[in-house]
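Below is one structure, written out as structure tokens, with a few remarks after it.
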Amino acid sequence: MGQTVPEDHIRTEYLRLKAAVYDPNTHLQSVAAVVDTVRGFFDATRWVGVVHIEIDALARVESIYGWQVYDRLLRAVSAVLHESRGEIFPRESVLAQNGIYGGQFVVFAPAAGESRAPLDALERTARALSARLAERFGGPEFHSMAPPLTFHVGYAAFADRPFHRLERLIYRTIEEARRLGFQGEPSRKLREQAELRRIIADGDIEIVFQPVIDLRDSRTVGYEAFCRGPRDTVFERPQTMFDGARDAGSSRDLDLLCHRKALHGAKSLGPGEMLFLNALPTSLADPSFLDNLNGQEGTGRAVRSEKIILEFADRNAIADYELFGVEIQELRALGYRVAVDNVGTGSSSLQTITEVRPDFIKVDCSLIRNIQTNLVKQELLRSLCQVARSIEASVVAQGIELKEELDAVRNCGTDFGQGFLFAFPARDLPTAKPEI
């Protein structure tokens, strides 16, 4: 007599399978889940059209704005596709997602009565859908996003072939449609790279400063310098600008430009105040790096090396920790101090702490956000403070926005703080709020 499968086991398996083929955020099924429905189209037509929609640089959107905005964006695209069914493409068309929780969407449109591939009709469909997406995402909800949202809409068609597996035909056609949607990509990238080279050549960036506060007496002990690209452009946000510079091979030039501008803007640092200056680990191997830092001395706008804290955050670029440690020691011999930035976002930052033994440990804002309600975060911060004391380093809590967060990081033993609660970044060295 066979064993009865428990009902809760059946339900667990059902939910697991459903999670693999259904996106609860967009309420769309995966391509694999709609294959049988698409197969049914061939009862009435010879050809099925595929329209592929992909959002450009979607991972960048999530890294800048967070997963909630990412999910809201995907829901909005899904809504546009549902609204377009019966208008831009036939009502019986099938909507799907090419990967659950991803930013690629697929429309399968039957071409009833067509005796050949309906590419002309599909081209009109793709253009109309592109126009609707541009209209929808050019509105007030998304228009301020930088970089601006770009949609790649491509199309292709396939016929049922008895000697070919339908699933492979479908995925080949999806890839063909996707490639067509990105045909304009090379020229766009070339334009962006040319614009970035102009920005660097013209020095068309802005430096803003945010104070770093001693949490024991609320005294301003220094400022962190941030760069901003030209306003209302794809390069306004520094992450976008540095990503583009890396792709264009211009990281060194952009890094040096940011340092020159920051050093000039920090000429009014007060006695004992520090300048936290972001730097790329790869810059240490460049002789121009130190020349750039030291060359401003004697010009009447010098920031002495003893005042400069070099922050290194791009841990993925540290290929050789032993060599990086040697380079750091050379910086210290010249009077510079070192900070490890964004600690708390991964195990690599802990390796950097143990190998480099920095003077400052800057805790990522994700660990500080709502720390007053999260005992695990508090314990992690206490542990970091204990590690810092063992290597004679100071801890800076970044992203403090609430008085409750400030009280929590103080109770955990943090030395310094930084965030909107004290002051927003500004061109002139801003004054922290006196009531904090």
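In the structure tokens, chains take the letters A, B, ... in the order shown, each chain's residues start at 1, and ligands count up from 1 in the order shown.
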>> With only C-alpha atoms as the counted atoms, please give the residues lying no more than 9 Å from segment 119-135 of chain A, apart from itself and same-chain residues fewer than 2 positions off, as an MDAnalysis selection string.
In response: chainID A and resid 49:53 77 80:81 84 88:89 109 116:117 137:139 149:157
Residues just named, written with C-alpha atoms as a compact mmCIF listing (two decimals), in the first residue's frame:
```txt
# COMPACT_ATOMS: atom_id res chain seq x y z
CA GLY A 49 5.20 37.76 -33.67
CA VAL A 50 7.47 38.44 -30.71
CA VAL A 51 8.00 41.93 -29.25
CA HIS A 52 10.80 42.16 -26.69
CA ILE A 53 11.03 45.05 -24.21
CA VAL A 77 5.82 48.48 -17.43
CA VAL A 80 1.47 49.58 -19.89
CA LEU A 81 1.56 46.19 -21.60
CA SER A 84 -1.88 48.10 -24.80
CA ILE A 88 -1.34 48.27 -29.96
CA PHE A 89 -1.35 44.49 -30.27
CA ALA A 109 1.15 38.33 -30.89
CA ARG A 116 4.35 35.54 -44.55
CA ALA A 117 6.24 36.86 -41.54
CA PHE A 137 7.78 57.14 -18.09
CA GLY A 138 8.33 60.75 -19.06
CA GLY A 139 5.69 61.79 -16.54
CA LEU A 149 14.92 55.52 -18.38
CA THR A 150 15.53 54.07 -21.83
CA PHE A 151 13.54 51.23 -23.37
CA HIS A 152 14.81 48.92 -26.08
CA VAL A 153 11.91 47.47 -28.06
CA GLY A 154 12.69 44.89 -30.73
CA TYR A 155 10.64 42.44 -32.73
CA ALA A 156 10.90 39.18 -34.67
CA ALA A 157 8.58 36.39 -35.83
```
>> Applying 10 Å and only C-alpha atoms, which residues near Thr240 of chain A remain after dropping the ones on its own chain fewer than 4 positions away? List them as a PyMOL selection string.
In response: chain A and resi 57+60-61+64+146-147+228-229+234-236+244-246
> Excluding same-chain residues fewer than 4 positions from Asp359 of chain A, what lies within 8 Å of it counting only C-alpha atoms, as an MDAnalysis selection string?
Replying inline: chainID A and resid 337:339 392:394
> For Val94 of chain A, which residue among A:Ile400, A:Leu284, A:Leu28, A:Ala59 is the nearest when counting only C-alpha atoms?
Replying inline: A:Leu28
> Using only C-alpha atoms, which of A:Tyr223, A:Gly102, A:Val69, A:Ala319 sits nearest Gly265 of chain A?
Replying inline: A:Tyr223
>> When you look at segment 363-373 of chain A with a cut-off of 6 Å (counting only C-alpha atoms), what residues show up, excluding the ones that are within fewer than 6 positions of it in the same chain? I need them as a ChimeraX atom specification.
In response: /A:342-344,397-399,405,408
Output the selection as a PDB file, in the first residue's frame - N, CA and C atoms for each residue.
```
ATOM      1  N   ASN A 342      31.989  52.094   3.172  1.00  0.00           N
ATOM      2  CA  ASN A 342      30.864  51.181   2.941  1.00  0.00           C
ATOM      3  C   ASN A 342      31.031  49.842   3.648  1.00  0.00           C
ATOM      4  N   VAL A 343      31.641  49.841   4.820  1.00  0.00           N
ATOM      5  CA  VAL A 343      31.793  48.613   5.596  1.00  0.00           C
ATOM      6  C   VAL A 343      30.420  48.144   6.072  1.00  0.00           C
ATOM      7  N   GLY A 344      30.207  46.855   5.989  1.00  0.00           N
ATOM      8  CA  GLY A 344      28.919  46.282   6.381  1.00  0.00           C
ATOM      9  C   GLY A 344      28.109  45.792   5.217  1.00  0.00           C
ATOM     10  N   ALA A 397      29.784  56.479  11.372  1.00  0.00           N
ATOM     11  CA  ALA A 397      28.473  55.971  10.950  1.00  0.00           C
ATOM     12  C   ALA A 397      27.916  56.907   9.886  1.00  0.00           C
ATOM     13  N   GLN A 398      27.662  56.384   8.697  1.00  0.00           N
ATOM     14  CA  GLN A 398      27.171  57.195   7.584  1.00  0.00           C
ATOM     15  C   GLN A 398      25.658  57.059   7.442  1.00  0.00           C
ATOM     16  N   GLY A 399      25.044  58.076   6.874  1.00  0.00           N
ATOM     17  CA  GLY A 399      23.623  58.012   6.546  1.00  0.00           C
ATOM     18  C   GLY A 399      22.698  58.214   7.721  1.00  0.00           C
ATOM     19  N   GLU A 405      18.265  57.271  15.296  1.00  0.00           N
ATOM     20  CA  GLU A 405      19.447  56.584  14.758  1.00  0.00           C
ATOM     21  C   GLU A 405      20.718  57.123  15.405  1.00  0.00           C
ATOM     22  N   ALA A 408      21.152  55.721  18.837  1.00  0.00           N
ATOM     23  CA  ALA A 408      21.537  54.311  18.789  1.00  0.00           C
ATOM     24  C   ALA A 408      23.018  54.149  18.459  1.00  0.00           C
TER      25      ALA A 408
END
```
> segment 332-419 of chain A: which residues are helix (DSSP H, G or I) by DSSP, as JSON, numbers by chain?
Replying inline: {"A": [332, 333, 347, 348, 349, 350, 351, 352, 353, 354, 355, 356, 365, 366, 367, 368, 371, 372, 373, 375, 376, 377, 378, 379, 380, 381, 382, 383, 384, 385, 386, 387, 388, 389, 390, 403, 404, 405, 406, 407, 408, 409, 410, 411]}
So that I have them on file, write out the residues from the current selection with N, CA and C atoms, as a CSV table (one decimal), in the first residue's frame.
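Written output follows (part32.csv):
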```
chain,number,residue,atom,x,y,z
A,332,ARG,N,50.9,56.4,4.0
A,332,ARG,CA,51.1,56.8,5.4
A,332,ARG,C,52.4,57.5,5.7
A,333,ALA,N,53.4,57.0,5.0
A,333,ALA,CA,54.8,57.6,5.3
A,333,ALA,C,54.8,59.1,4.8
A,347,SER,N,31.5,40.7,2.9
A,347,SER,CA,32.7,40.1,3.6
A,347,SER,C,34.0,40.7,3.1
A,348,SER,N,34.0,41.2,1.9
A,348,SER,CA,35.2,41.8,1.3
A,348,SER,C,35.7,43.0,2.1
A,349,SER,N,34.7,43.8,2.6
A,349,SER,CA,35.1,45.0,3.4
A,349,SER,C,35.9,44.5,4.7
A,350,LEU,N,35.5,43.4,5.3
A,350,LEU,CA,36.1,42.9,6.5
A,350,LEU,C,37.5,42.4,6.1
A,351,GLN,N,37.7,41.8,4.9
A,351,GLN,CA,39.1,41.5,4.5
A,351,GLN,C,39.9,42.7,4.4
A,352,THR,N,39.4,43.8,3.8
A,352,THR,CA,40.1,45.0,3.6
A,352,THR,C,40.5,45.6,5.0
A,353,ILE,N,39.7,45.5,6.0
A,353,ILE,CA,40.0,46.0,7.3
A,353,ILE,C,41.2,45.2,7.9
A,354,THR,N,41.1,43.9,7.8
A,354,THR,CA,42.2,43.1,8.4
A,354,THR,C,43.5,43.2,7.6
A,355,GLU,N,43.5,43.4,6.3
A,355,GLU,CA,44.7,43.5,5.5
A,355,GLU,C,45.3,45.0,5.6
A,356,VAL,N,44.4,46.0,5.6
A,356,VAL,CA,44.9,47.3,5.5
A,356,VAL,C,45.1,48.0,6.8
A,365,CYS,N,25.5,53.1,5.1
A,365,CYS,CA,24.2,53.7,5.6
A,365,CYS,C,23.2,52.6,5.7
A,366,SER,N,23.3,51.5,4.9
A,366,SER,CA,22.3,50.4,5.0
A,366,SER,C,22.3,49.7,6.4
A,367,LEU,N,23.5,49.8,7.1
A,367,LEU,CA,23.5,49.2,8.5
A,367,LEU,C,23.0,50.2,9.5
A,368,ILE,N,23.0,51.5,9.1
A,368,ILE,CA,22.6,52.5,10.1
A,368,ILE,C,21.1,52.8,10.0
A,371,ILE,N,18.5,51.6,12.7
A,371,ILE,CA,19.2,50.8,13.6
A,371,ILE,C,18.6,50.8,15.0
A,372,GLN,N,17.9,51.8,15.3
A,372,GLN,CA,17.3,51.9,16.6
A,372,GLN,C,16.2,50.8,16.9
A,373,THR,N,15.7,50.2,15.8
A,373,THR,CA,14.7,49.2,16.0
A,373,THR,C,15.2,47.8,15.6
A,375,LEU,N,18.1,45.0,16.7
A,375,LEU,CA,19.1,44.6,17.6
A,375,LEU,C,20.3,44.0,16.9
A,376,VAL,N,20.0,43.3,15.8
A,376,VAL,CA,21.1,42.7,15.1
A,376,VAL,C,22.1,43.7,14.5
A,377,LYS,N,21.5,44.8,13.9
A,377,LYS,CA,22.3,45.9,13.4
A,377,LYS,C,23.2,46.5,14.6
A,378,GLN,N,22.5,46.7,15.7
A,378,GLN,CA,23.2,47.3,16.8
A,378,GLN,C,24.4,46.4,17.3
A,379,GLU,N,24.2,45.1,17.3
A,379,GLU,CA,25.3,44.2,17.7
A,379,GLU,C,26.4,44.2,16.7
A,380,LEU,N,26.0,44.3,15.4
A,380,LEU,CA,27.1,44.4,14.4
A,380,LEU,C,27.9,45.6,14.5
A,381,LEU,N,27.2,46.8,14.8
A,381,LEU,CA,27.9,48.0,14.9
A,381,LEU,C,28.8,48.0,16.2
A,382,ARG,N,28.4,47.4,17.3
A,382,ARG,CA,29.2,47.3,18.5
A,382,ARG,C,30.4,46.5,18.2
A,383,SER,N,30.2,45.4,17.4
A,383,SER,CA,31.4,44.5,17.0
A,383,SER,C,32.4,45.3,16.2
A,384,LEU,N,31.9,46.1,15.2
A,384,LEU,CA,32.8,46.9,14.4
A,384,LEU,C,33.6,47.9,15.2
A,385,CYS,N,32.9,48.5,16.2
A,385,CYS,CA,33.6,49.5,17.1
A,385,CYS,C,34.6,48.8,17.9
A,386,GLN,N,34.4,47.5,18.3
A,386,GLN,CA,35.4,46.8,19.1
A,386,GLN,C,36.6,46.4,18.2
A,387,VAL,N,36.3,46.0,17.0
A,387,VAL,CA,37.4,45.7,16.1
A,387,VAL,C,38.2,47.0,15.8
A,388,ALA,N,37.5,48.1,15.6
A,388,ALA,CA,38.2,49.4,15.4
A,388,ALA,C,39.2,49.8,16.6
A,389,ARG,N,38.7,49.6,17.8
A,389,ARG,CA,39.5,49.9,18.9
A,389,ARG,C,40.8,49.0,19.0
A,390,SER,N,40.6,47.8,18.6
A,390,SER,CA,41.7,46.8,18.6
A,390,SER,C,42.8,47.2,17.6
A,403,LYS,N,17.0,61.3,14.6
A,403,LYS,CA,17.6,61.5,16.0
A,403,LYS,C,17.7,60.2,16.7
A,404,GLU,N,16.7,59.3,16.4
A,404,GLU,CA,16.7,58.0,17.1
A,404,GLU,C,17.9,57.1,16.6
A,405,GLU,N,18.3,57.3,15.3
A,405,GLU,CA,19.4,56.6,14.8
A,405,GLU,C,20.7,57.1,15.4
A,406,LEU,N,20.8,58.4,15.6
A,406,LEU,CA,21.9,59.1,16.2
A,406,LEU,C,22.1,58.5,17.6
A,407,ASP,N,21.0,58.5,18.4
A,407,ASP,CA,21.1,58.0,19.8
A,407,ASP,C,21.6,56.5,19.8
A,408,ALA,N,21.2,55.7,18.8
A,408,ALA,CA,21.5,54.3,18.8
A,408,ALA,C,23.0,54.1,18.5
A,409,VAL,N,23.5,54.9,17.5
A,409,VAL,CA,24.9,54.7,17.1
A,409,VAL,C,25.8,55.3,18.2
A,410,ARG,N,25.4,56.3,18.9
A,410,ARG,CA,26.2,56.7,20.1
A,410,ARG,C,26.3,55.7,21.1
A,411,ASN,N,25.1,55.0,21.4
A,411,ASN,CA,25.1,54.0,22.4
A,411,ASN,C,26.0,52.8,22.0
```
> Near Val31 of chain A, counting only C-alpha atoms, which residues have an atom at most 9 Å away, once you skip same-chain residues fewer than 3 positions from it, shown as number ranges by chain?
Replying inline: A: 21, 34-35, 95-99, 106, 170-171
